[in-house]
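See structure below.
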Amino acid sequence: MTLFKRIQLGLVFLTMACQLVTPSKGVTSGILDLRSFDWNTGKAITLQGEWKFYPHTLGELPPDVSYTFLPVPSLWNAVPLRSQILDGKGYGTYTIDILLPSDSQIYSLYLPEVRTSFRVTAGNRVVLSGYPGPNKQTTYPSAQGQSFTFVSKDKIQIKIEVSNFHHKEGGLPNAPIFGTAEAIQNYILAESTMDIALTGALFMFGLYHFILFFYRNKQREAFYFGFFCLVFALRLPFVGSKTIYAMFPNISWDLVVYVEYASVFVLGILFLWFVDGLFPRFIETRLIRYFSAFVQFILVYGLIIKPEYYTEFEVVFQVLGVVFAVFLGIRLYQMVVKGLPDSHIFFLGYLILFFGFVYDVFLAYTGEGESSLSQIAVFLFFGVQSTIVTLRTARTFHKKILLKEEFESINEQFILTNRFYAKFIPRDFLTHLGKESIDEVRLGDSSEREMTVLFADIWEYWDIIYSIPLENRILFTNSYLGRIGPCVRKNNGFIDKYIGSAVMALFDGGIQNSIKAAEDIQWELESYNERRKELGYLPLHAGIGIHSGDTMLGILGEEERLESTVISDTVNLSSRIQGLTKKYNARILVSLTSLMLHEDLDTIPYRILDFVRVKGKQETVMIAEVLIPGIDSISDQKIAYREQFEAAIFDYERADFVSALNGFREVHSNNPEDIAAQIYIERCEYYQTAGVGEDWDGVSAWEK
């Protein structure tokens with residue numbers, strides 16, 4: 001999403017609430033006539049105008065009590081003669097009579113923040129924010145707005161009791177919102193959505209610029225602007241509709257007011273450091289440090305004293321803020337005149353923020369509450385300033401790209417050479433040796449580690465080779481090998497060497513990768529055989545042997561001729577196991593000790609095949625056949641009768657040849673292509689006749 005689109009979306013959220021309310025035609029002498037108002041528009045009404053005001057009165061209103069008319073919204077401080085409250089501290093009651101249609105309907109009233117507590121009564125409904133009282137001891141302040149619904153017709157009187165002894169300002173700085181229940185609900189939802197959307201946007205702005213600073217910590221402006229965004233995002237729930245109460249209903253009023261005031265000072269100092277990061281030394285760093293020290297003093301001082309004292313200086317703070325903003329604006333304009341990079345964009349964003357700030361100060365001074373205009377200005381400012389930081393980051397990255405391209409151009413030949421040699425010595429082999437490139441390899445380099453070795457070979461290879469012309473033998477071999485390599489690499493292995501049609505592959509990281517590679521090779525070979533069948537060629541069958549153990553990777557040869565190799569008993573045994581695949585007509589054989597290391601053994605269909613002693617080995621190796629469901633009918637039958645097969649195997653090992661023979665015959669009768677079962681039938685028949693000695697261990701000795 002482009003910056004323009006993001007700004008558009010933000011403006012939609014920020015103006016949503018404005019479209020859901022309409023100013024009243026004017027409350028005159030405490031009366032508002034809404035009998036002809038079209039409620040079908042879905043809009044609510046701001047109850048602004050002249051309300052009846054009963055100074056120094058709370059609770060029931062005596063018939064003879066005196067009253068006056070006060071404008072709403074307004075502060076008592078702005079009209080001291082009419083409110084009869086000179087310094088903003090006191091209490092009183094507002095009333096308004098609303099004339100309604102004769103049909104009974106559900107209405108709602110929403111009253112935003114009041115200085116500093118209120119009780120609203122409409123019909124038989126009462127709602128409180130804090131607790132209003134006739135003195136400081138009985139008054140509990142709160143900045144939480146409240147809404148409630150009631151059913152009414154013809155006429156309704158709304159009474160608002162207000163008490164303030166904790167703030168320099170008292171009265172109604174915001175006009176109540178009145179309308180149908182649905183209209184008020186939509187208005188509150190729009191206000192909350194606006195605050196959450198703006199908070200979320202600023203939080204993302206901050207996080208984005210922290211990430212920029214993390215990757216380029218010399219870019220101080222990204223850090224300060226990210227910090228600025230996060231503080232502003234933290235401030236938003238404490239101002240406006242005070243969404244902080246939705247998360248923490250019992251939050252202290254003192255804390256809400258403190259955050260509202262203190263965050264302004266923090267934002268001011270962060271903004272100065274941000275400007276200093278964008279345009280170093282254009283504003284005297286010493287002045288910024290002095291101002292930072294002053295802000296720290298204000299923050300600590302605000303924690304010590306009560307809001308009723310430091311709010312007395314609000315006008316002073318506002319005047320100092322305007323002076324500070326004008327001074328900074330002049331300095332920024334001087335940057336534009338001098339032609340500093342990005343200064344014109346920054347100055348534009350600052351003007352937007354400045355006018356939003358001045359408008360906010362004007363509303364606060366006149367007691368008319370807040371407007372969405374300042375929030376729109378803030379959102380636009382953040383968008384503009386994010387553009388500056390992003391542009392600078394983009395230029396930095398562009399310079400890095402140019403340097404990188406130059407470096408790559410210089411080293412292109414070196415890279416191409418390494419890529420060429422990597423086809424002869426795999427990159428993974430170099431990694432295991434701890435080498436970055438082929439030119440670092442030296443004779444005698446070695447590394448000892450536990451790995452899995454996979455051998456794969458075609459059973460019919462030499463028969464086919466001798467039956468085709470000499471010039472086609474390499475083409476045929478490469479056609480087969482070209483299908484094996486991707487299966488190995490896809491499963492995090494690498495091919496160490498080719499031995500004719502045989503492939504020796506290494507896997508580091510567990511037996512499961514080699515098993516999956518073996519299965520992929522078999523499936524790839526099935527696909528290859530389909531094509532060979534269409535061309536009238538004989539199908540190919542590959543046997544795969546797998547074993548895990550300690551290996552020694554190293555560089556052998558002499559100075560003029562080097563070769564990577566693996567020297568290990570593991571290599572020899574996996575090769576011998578592969579040699580047994582054709583004897584048992586098995587696609588994949590693996591040593592059982594290695595197979596037991598599989599992390600998800602329950603998902604692998606396998607059967608114990610034999611206890612063997614291969615050529616050149618004295619110890620016994622138990623081998624298992626890994627079965628692939630669905631690859632052919634023979635494998636499916638092996639899976640179906642593997643329990644019977646393994647039971648017969650263990651009978652055979654115990655020299656119970658009668659039971660074993662019955663088991664193997666059952667398996668073979670259901671799967672005549674099971675060569676292993678046929679082998680065991682022949683063995684059992686032989687040993688039944690010849691007998692076995694006391695040293696019988698059931699081990700089969702194979703010469704290969």
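Following the order of the structure tokens, first chain is A, next is B, and so on, with residues numbered from 1 inside each chain and ligands from 1 in the order they appear.
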Q: Mind listing the alpha helix (DSSP H) residues of range 200-296 of chain A, per DSSP on the backbone, as a PyMOL selection string?
A: chain A and resi 200-215+220-235+244-247+253-278+285-296
Do a neighbour search on Thr551 in chain A at 6 Å with only C-alpha atoms, toss out local chain neighbours closer than 6 positions, and write the hits as a compact mmCIF listing (two decimals) with N, CA, C and O atoms, in the first residue's frame.
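Listed below is the output, out_25.txt:
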```
# COMPACT_ATOMS: atom_id res chain seq x y z
N GLU A 448 35.78 -34.62 11.15
CA GLU A 448 35.13 -35.84 11.59
C GLU A 448 33.76 -35.49 12.15
O GLU A 448 33.62 -34.60 12.97
N ARG A 449 32.72 -36.20 11.68
CA ARG A 449 31.37 -35.93 12.12
C ARG A 449 30.48 -37.14 11.84
O ARG A 449 30.83 -37.99 11.02
N GLU A 450 29.35 -37.20 12.51
CA GLU A 450 28.39 -38.28 12.27
C GLU A 450 27.48 -37.87 11.12
O GLU A 450 26.86 -36.80 11.14
N SER A 568 35.47 -43.98 5.74
CA SER A 568 34.70 -44.39 6.92
C SER A 568 34.19 -45.81 6.73
O SER A 568 33.91 -46.25 5.62
```
Q: Take CA of Ile458 in chain A and CA of Gly543 in chain A and report the distance between them in Å, one decimal.
A: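 Separation between CA of Ile458 in chain A and CA of Gly543 in chain A: 6.5 Å.
Excluding Pro73 in chain A and any residue on its chain fewer than 5 positions from it, the residues at most 6 Å away by only C-alpha atoms are Leu172, Pro173, Asn174, Ala175 and Glu368 of chain A.
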Residues from the last selection, all heavy atoms, saved as an mmCIF file, in the first residue's frame:
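out_9.cif, freshly written:
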```cif
data_model
loop_
_atom_site.group_PDB
_atom_site.id
_atom_site.type_symbol
_atom_site.label_atom_id
_atom_site.label_comp_id
_atom_site.auth_asym_id
_atom_site.auth_seq_id
_atom_site.Cartn_x
_atom_site.Cartn_y
_atom_site.Cartn_z
ATOM 1 N N LEU A 172 -18.332 22.449 31.519
ATOM 2 C CA LEU A 172 -18.545 21.471 30.449
ATOM 3 C C LEU A 172 -17.712 21.858 29.225
ATOM 4 O O LEU A 172 -18.154 22.674 28.410
ATOM 5 C CB LEU A 172 -20.028 21.406 30.057
ATOM 6 C CG LEU A 172 -20.994 20.779 31.062
ATOM 7 C CD1 LEU A 172 -22.416 20.839 30.536
ATOM 8 C CD2 LEU A 172 -20.611 19.346 31.350
ATOM 9 N N PRO A 173 -16.495 21.319 29.083
ATOM 10 C CA PRO A 173 -15.677 21.648 27.912
ATOM 11 C C PRO A 173 -16.147 20.944 26.647
ATOM 12 O O PRO A 173 -15.691 21.264 25.548
ATOM 13 C CB PRO A 173 -14.275 21.162 28.316
ATOM 14 C CG PRO A 173 -14.534 20.048 29.274
ATOM 15 C CD PRO A 173 -15.784 20.419 30.010
ATOM 16 N N ASN A 174 -17.046 19.957 26.790
ATOM 17 C CA ASN A 174 -17.556 19.219 25.641
ATOM 18 C C ASN A 174 -19.073 19.149 25.726
ATOM 19 O O ASN A 174 -19.638 18.928 26.796
ATOM 20 C CB ASN A 174 -16.995 17.792 25.612
ATOM 21 C CG ASN A 174 -15.486 17.768 25.541
ATOM 22 O OD1 ASN A 174 -14.894 18.081 24.523
ATOM 23 N ND2 ASN A 174 -14.861 17.391 26.652
ATOM 24 N N ALA A 175 -19.723 19.343 24.583
ATOM 25 C CA ALA A 175 -21.184 19.276 24.550
ATOM 26 C C ALA A 175 -21.645 17.826 24.546
ATOM 27 O O ALA A 175 -21.035 16.982 23.882
ATOM 28 C CB ALA A 175 -21.715 19.994 23.311
ATOM 29 N N GLU A 368 -13.785 25.017 24.294
ATOM 30 C CA GLU A 368 -14.658 24.361 23.321
ATOM 31 C C GLU A 368 -14.226 22.934 23.023
ATOM 32 O O GLU A 368 -14.626 22.348 22.021
ATOM 33 C CB GLU A 368 -14.696 25.177 22.029
ATOM 34 C CG GLU A 368 -15.309 26.550 22.205
ATOM 35 C CD GLU A 368 -15.421 27.301 20.883
ATOM 36 O OE1 GLU A 368 -15.273 26.652 19.838
ATOM 37 O OE2 GLU A 368 -15.672 28.513 20.914
#
```
Q) Could you pull out all residues of range 46-262 of chain A with a DSSP call of strand (DSSP E or B) and give them as an MDAnalysis selection string? A) chainID A and resid 46 49:55 68:72 74:75 90:99 105:111 115 117:122 125:129 131 140 146:152 155:164 171:172 177:180
Q.
Would you compute the distance between CA of Ile608 in chain A and CA of Gly493 in chain A? Give it in Å to one decimal.
A. 25.7 Å
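Closest to Tyr480 in chain A among A:Asn164, A:Ser343, A:Gln522, A:Ser129 is A:Gln522, based on only C-alpha atoms.
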Q.
Which residues are close to Ile675 in chain A, i.e. within 8 Å by only C-alpha atoms, leaving aside same-chain residues fewer than 6 positions away? Reply as a PyMOL selection string.
A. chain A and resi 583-585
Q.
Excluding Ser527 in chain A and its own-chain neighbours fewer than 5 positions away, which residues fall within 12 Å of it when counting only C-alpha atoms? Please give them as a list in words.
A. Tyr480, Arg483, Asp520, Ile521, Gln522, Arg532, Lys533, Glu534, Pro539, Leu540, His541 and Ile631 of chain A
Can you list, as a PDB file with C-alpha atoms, in the first residue's frame, every protein, DNA or RNA residue that comes within 12 Å of Ile330 in chain A when you count only C-alpha atoms, leaving out same-chain residues fewer than 3 positions away?
```pdb
ATOM      1  CA  PHE A 282      21.478  23.492  12.773  1.00  0.00           C
ATOM      2  CA  ILE A 283      19.886  23.922  16.200  1.00  0.00           C
ATOM      3  CA  VAL A 323       6.668  30.611  21.298  1.00  0.00           C
ATOM      4  CA  PHE A 324       8.685  27.401  21.037  1.00  0.00           C
ATOM      5  CA  ALA A 325       6.771  26.361  17.907  1.00  0.00           C
ATOM      6  CA  VAL A 326       7.262  29.771  16.239  1.00  0.00           C
ATOM      7  CA  PHE A 327      10.995  29.774  17.024  1.00  0.00           C
ATOM      8  CA  TYR A 333      12.330  28.065   7.266  1.00  0.00           C
ATOM      9  CA  GLN A 334      15.992  29.114   7.342  1.00  0.00           C
ATOM     10  CA  MET A 335      16.875  25.500   6.490  1.00  0.00           C
ATOM     11  CA  VAL A 336      14.589  25.691   3.456  1.00  0.00           C
ATOM     12  CA  VAL A 337      16.193  28.947   2.352  1.00  0.00           C
ATOM     13  CA  PHE A 347       8.846  22.273   6.721  1.00  0.00           C
ATOM     14  CA  TYR A 350       5.773  21.017  10.386  1.00  0.00           C
ATOM     15  CA  LEU A 351       3.345  23.694   9.133  1.00  0.00           C
ATOM     16  CA  PHE A 354       1.816  23.751  13.800  1.00  0.00           C
TER      17      PHE A 354
END
```
Q | Nearest residue to Pro307 in chain A from the set A:Asp632, A:Asp276, A:Glu169, A:Glu524 (distances using only C-alpha atoms) | A |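 So, comparing all the options, the nearest one is A:Glu169.
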**Q.** Surrounding residues of His547 in chain A excluding itself and chain neighbours under 4 positions, 12 Å, only C-alpha atoms, as an MDAnalysis selection string
**A.** chainID A and resid 450:455 504:507 510:512 514:515 551 568:578 588:598 621:624
Q) Between CA of Pro55 in chain A and CA of Tyr309 in chain A, what is the spacing in Å? A) 23.6 Å
Give one line per residue of range 153-248 of chain A that approaches range 74-97 of chain A to at most 6 Å, naming the two atoms of the closest pair and their distance in Å to one decimal, counting only C-alpha atoms; sort by chain then ascending residue number and deliver it as JSON lines.
```
{"residue": "A:Ile156", "atom": "CA", "partner": "A:Asp97", "partner_atom": "CA", "distance": 5.9}
{"residue": "A:Gln157", "atom": "CA", "partner": "A:Asp97", "partner_atom": "CA", "distance": 4.5}
{"residue": "A:Ile158", "atom": "CA", "partner": "A:Ile96", "partner_atom": "CA", "distance": 5.4}
{"residue": "A:Lys159", "atom": "CA", "partner": "A:Thr95", "partner_atom": "CA", "distance": 4.4}
{"residue": "A:Ile160", "atom": "CA", "partner": "A:Tyr94", "partner_atom": "CA", "distance": 5.0}
{"residue": "A:Glu161", "atom": "CA", "partner": "A:Thr93", "partner_atom": "CA", "distance": 4.3}
{"residue": "A:Val162", "atom": "CA", "partner": "A:Gly92", "partner_atom": "CA", "distance": 5.6}
{"residue": "A:Ser163", "atom": "CA", "partner": "A:Tyr91", "partner_atom": "CA", "distance": 4.2}
{"residue": "A:Asn164", "atom": "CA", "partner": "A:Lys89", "partner_atom": "CA", "distance": 5.2}
{"residue": "A:Phe165", "atom": "CA", "partner": "A:Lys89", "partner_atom": "CA", "distance": 5.0}
{"residue": "A:Lys168", "atom": "CA", "partner": "A:Gly88", "partner_atom": "CA", "distance": 5.9}
{"residue": "A:Glu169", "atom": "CA", "partner": "A:Gly88", "partner_atom": "CA", "distance": 4.9}
{"residue": "A:Gly170", "atom": "CA", "partner": "A:Gly88", "partner_atom": "CA", "distance": 4.6}
{"residue": "A:Gly171", "atom": "CA", "partner": "A:Leu75", "partner_atom": "CA", "distance": 4.6}
{"residue": "A:Leu172", "atom": "CA", "partner": "A:Ser74", "partner_atom": "CA", "distance": 5.6}
{"residue": "A:Pro173", "atom": "CA", "partner": "A:Ser74", "partner_atom": "CA", "distance": 5.2}
```
Output the selection as an mmCIF file, in the first residue's frame - C-alpha atoms for each residue.
```cif
data_model
loop_
_atom_site.group_PDB
_atom_site.id
_atom_site.type_symbol
_atom_site.label_atom_id
_atom_site.label_comp_id
_atom_site.auth_asym_id
_atom_site.auth_seq_id
_atom_site.Cartn_x
_atom_site.Cartn_y
_atom_site.Cartn_z
ATOM 1 C CA ILE A 156 -37.358 14.622 28.490
ATOM 2 C CA GLN A 157 -35.294 16.676 30.923
ATOM 3 C CA ILE A 158 -31.557 16.043 31.114
ATOM 4 C CA LYS A 159 -29.816 17.138 34.289
ATOM 5 C CA ILE A 160 -26.030 17.216 34.627
ATOM 6 C CA GLU A 161 -24.521 17.858 38.062
ATOM 7 C CA VAL A 162 -20.896 18.986 37.782
ATOM 8 C CA SER A 163 -18.293 19.403 40.522
ATOM 9 C CA ASN A 164 -14.660 20.551 40.227
ATOM 10 C CA PHE A 165 -12.105 21.076 42.973
ATOM 11 C CA LYS A 168 -8.010 24.914 37.378
ATOM 12 C CA GLU A 169 -10.836 24.652 34.841
ATOM 13 C CA GLY A 170 -14.425 23.687 35.661
ATOM 14 C CA GLY A 171 -17.587 23.245 33.648
ATOM 15 C CA LEU A 172 -18.545 21.471 30.449
ATOM 16 C CA PRO A 173 -15.677 21.648 27.912
#
```
